[in-house]
Amino acid sequence: MSADPTQVLAFETDCHIFDGCGFPAPGLHSFLFEPLLGDGDSNLYFNKTMLLALLGSIIVVGFFWAAFRKPKVVPGKLQMVAESGYDFIRRGVVYETIGKKEGEKYVPLVVSLFFFVWMMNLWSIVPIAQFPVTAIISYPAVLALIVYVLWVSLTFKRHGFVGAFKNFTGYDKTLGPVLPLAMFIEFFSNLLVRPFTHAVRLFANMFAGHTLLLLFTIASWYLLNGIGIAYAGVSFIMVIVMTAFELFIQALQAYVFVLLTCTFIQGALAEHH
Amino acid sequence: MSQLLTIAAAETESPLIPPIPELVIGLIAFVIVFGFLAKKLLPNINKVLEQRREAIEGGIEKAEAAQTEAQSVLEQYKAQLAEARHEAARLRQEAQEQGATLIAEMRAEGQRQREEIIAAGHAQIEVDRRTAAQALRQDVGHLATDLAGKLVGESLEDHARQSRVIDRFLADLEEKAEAAR
């Protein structure tokens with residue numbers, strides 16, 4: 001094993017409490033990976049998160065391929081499961097926010113986004129992988145960027161330049177003298193902050209979740225010495241509880257991500273009042 | 001200590017600054033998913049969902065058609081049943097009428113037979129009576145002859161007894177006359 005702390009797993013340190021060695025706390029280094037291929041100093045490398053991202057997309061496509069390649073009017077079990085997931089996003093998210101008529105066009109995008117994000121999140125608790133791909137900012141950022149480009153261009157297309165400007169700034173004459181300030185804040189919050197929070201909300205949730213899991217997992221190992229064994233048990237129970245909690249958060253964050261996507265699209269399509 | 005330094009070195013990069021290669025791979029990974037789902041798999045399932053919707057609606061239409069047919073058949077049956085009831089009532093009425101006339105006829109026949117029997121009885125009685133009267137008259141003749149013989153043969157000393165016999169004879173004669181009448 002290399003001496004690089006980012007490549008040393010907690011279990012390999014053989015470091016326990018009362019052995020005169022400090023707690024190997026998880027930190028930012030837990031989110032850095034040495035390249036599997038290529039050189040980390042250049043931009044040409046391939047690491048674990050990339051592998052998981054590509055594997056995840058293959059899994060999502062494979063699942064829907066198996067379910068929807070030859071769909072039947074009377075569905076089998078797999079098709080039924082995939083259909084209920086598809087229907088949940090289509091009806092429960094897209095139709096609910098954008099409406100059936102306008103929303104139909106965006107269903108494939110939103111469905112893809114949801115299952116992609118969910119799969120990336122799920123890697124967090126898949127044994128051996130055990131890392132949420134979305135805890136690397138690049139992945140949420142690229143998805144948020146796609147959504148951002150989509151809703152901004154939609155706004156211009158729907159409302160023209162002046163209309164789009166009014167849409168972004170929440171132009172409302174009744175505000176009177178506060179209008180310039182409100183416009184400034186709205187412009188700032190819509191065009192600059194919104195894509196950032198959209199990506200960071202997902203990133204930070206997964207980042208924090210992974211850190212918590214790491215913390216309790218490392219602690220379970222670290223405390224496994226002398227009287228510490230009792231605490232290690234408690235810590236291990238927390239690992240299980242947090243894993244279940246993460247399972248819930250992963251689905252919830254994927255849902256929130258696509259719900260916000262739909263809200264942005266709906267805002268771009270809505271008539272200005 | 002060196003460990004801490006390496007960590008510090010690693011932390012110089014903020015986790016909020018996206019590494020470019022991951023951005024590219026993330027985009028590729030998402031485009032793979034979006035491409036397959038949007039171009040092939042979701043249109044596939046949409047087609048089937050549409051077919052299913054049509055099948056269900058077709059089923060509903062079929063059920064509606066069956067229901068209307070059932071309704072018309074039911075009405076037909078009801079009409080037929082009403083007709084049959086009507087017919088049955090008519091037949092019953094007829095039967096009753098026929099029965100009534102039959103009873104009346106039989107009653108008349110019975111009456112006639114009764115009268116015939118009675119008449120026959122009466123005639124028989126008359127014949128019997130005649131025969132009896134005939135026989136009686138002959139008997140009376142014999143008796144009278146007997147009595148006359150007795151009277152002639154007997155002594156006349158018992159006048160009283162004699163007169164009694166005569167009286168009796170006369171009464172007999174009177175009775176005979178009455179019976180002959």
# chains A, B, ... in the order shown; residues from 1 in each chain; ligands from 1
>>> closest_atom_pairs(of="range 3-87 of chain B", to="range 141-155 of chain A", cutoff="12 Å", atoms="only C-alpha atoms", output="Markdown table")
| residue | atom | partner | partner_atom | distance |
| --- | --- | --- | --- | --- |
| B:Pro15 | CA | A:Ala141 | CA | 11.9 |
| B:Leu16 | CA | A:Ala141 | CA | 9.5 |
| B:Ile17 | CA | A:Ala141 | CA | 9.7 |
| B:Pro18 | CA | A:Ala141 | CA | 7.5 |
| B:Pro19 | CA | A:Ala141 | CA | 10.3 |
| B:Ile20 | CA | A:Val142 | CA | 10.1 |
| B:Pro21 | CA | A:Val142 | CA | 11.3 |
| B:Glu22 | CA | A:Val142 | CA | 9.2 |
| B:Leu23 | CA | A:Val142 | CA | 6.0 |
| B:Val24 | CA | A:Val142 | CA | 8.2 |
| B:Ile25 | CA | A:Val142 | CA | 9.6 |
| B:Gly26 | CA | A:Val142 | CA | 6.7 |
| B:Leu27 | CA | A:Val142 | CA | 6.2 |
| B:Ile28 | CA | A:Val142 | CA | 10.0 |
| B:Ala29 | CA | A:Leu143 | CA | 10.6 |
| B:Phe30 | CA | A:Leu143 | CA | 7.9 |
| B:Val31 | CA | A:Leu143 | CA | 10.1 |
| B:Phe34 | CA | A:Leu143 | CA | 11.4 |
>>> write_last_selection(atoms="C-alpha atoms", output="PDB file, in the first residue's frame")
ATOM      1  CA  PRO B  15     -14.463  20.150  -2.897  1.00  0.00           C
ATOM      2  CA  LEU B  16     -16.718  22.694  -4.604  1.00  0.00           C
ATOM      3  CA  ILE B  17     -14.358  23.157  -7.546  1.00  0.00           C
ATOM      4  CA  PRO B  18     -15.369  20.543 -10.079  1.00  0.00           C
ATOM      5  CA  PRO B  19     -12.539  18.559 -11.646  1.00  0.00           C
ATOM      6  CA  ILE B  20     -12.865  18.739 -15.433  1.00  0.00           C
ATOM      7  CA  PRO B  21     -12.409  15.005 -16.303  1.00  0.00           C
ATOM      8  CA  GLU B  22     -15.209  14.054 -13.905  1.00  0.00           C
ATOM      9  CA  LEU B  23     -17.427  16.681 -15.552  1.00  0.00           C
ATOM     10  CA  VAL B  24     -16.799  15.105 -18.942  1.00  0.00           C
ATOM     11  CA  ILE B  25     -17.378  11.554 -17.715  1.00  0.00           C
ATOM     12  CA  GLY B  26     -20.500  12.668 -15.829  1.00  0.00           C
ATOM     13  CA  LEU B  27     -21.845  14.232 -19.011  1.00  0.00           C
ATOM     14  CA  ILE B  28     -21.060  11.096 -21.026  1.00  0.00           C
ATOM     15  CA  ALA B  29     -22.648   8.835 -18.404  1.00  0.00           C
ATOM     16  CA  PHE B  30     -25.803  10.927 -18.321  1.00  0.00           C
ATOM     17  CA  VAL B  31     -26.005  11.202 -22.094  1.00  0.00           C
ATOM     18  CA  PHE B  34     -30.748   9.894 -21.587  1.00  0.00           C
TER      19      PHE B  34
END
>>> select_by_dssp(residues="range 9-201 of chain A", states="strand (DSSP E)", output="number ranges by chain")
A: 37-38, 45-46
>>> closest_residue(among="A:Asn167, A:Thr261, A:Thr197, A:Thr243", to="chain B", atoms="only C-alpha atoms")
A:Thr197
>>> residues_around(residues="Phe169 in chain B", least_positions_apart="6", cutoff="12 Å", atoms="only C-alpha atoms", output="PyMOL selection string")
chain B and resi 140-141+143-148+151+162-163+175-176
>>> atom_distance(atom1="CA of Ile240 in chain A", atom2="CA of Phe114 in chain A")
25.3 Å
>>> atom_distance(atom1="CA of Met119 in chain A", atom2="CA of Ile137 in chain A")
15.8 Å
>>> closest_atom_pairs(of="chain A", to="chain B", cutoff="6 Å", atoms="only C-alpha atoms", output="tab-separated table")
residue	atom	partner	partner_atom	distance
A:Leu54	CA	B:Ala29	CA	5.3
A:Ser57	CA	B:Ala29	CA	5.5
A:Val61	CA	B:Val33	CA	5.7
A:Phe68	CA	B:Leu41	CA	5.5
A:Val73	CA	B:Arg52	CA	5.4
A:Pro108	CA	B:Ala38	CA	5.1
A:Ser112	CA	B:Phe34	CA	5.3
A:Ile137	CA	B:Pro18	CA	5.4
A:Ser138	CA	B:Pro18	CA	4.5
A:Tyr139	CA	B:Gly26	CA	5.2
A:Val142	CA	B:Leu23	CA	6.0
>>> write_last_selection(atoms="C-alpha atoms", output="CSV table (one decimal), in the first residue's frame")
chain,number,residue,atom,x,y,z
A,54,LEU,CA,-20.2,4.8,-16.2
A,57,SER,CA,-25.4,4.5,-16.3
A,61,VAL,CA,-29.8,1.5,-19.1
A,68,PHE,CA,-38.9,-1.9,-21.8
A,73,VAL,CA,-49.6,-4.9,-22.8
A,108,PRO,CA,-37.7,11.6,-20.8
A,112,SER,CA,-33.4,10.0,-17.0
A,137,ILE,CA,-19.3,18.1,-7.3
A,138,SER,CA,-18.6,17.5,-11.0
A,139,TYR,CA,-21.5,15.1,-11.4
A,142,VAL,CA,-23.0,18.8,-15.0
>>> closest_residue(among="A:Val200, A:Ala25, A:Leu181, A:Ile136", to="Leu213 in chain A", atoms="only C-alpha atoms")
A:Ala25
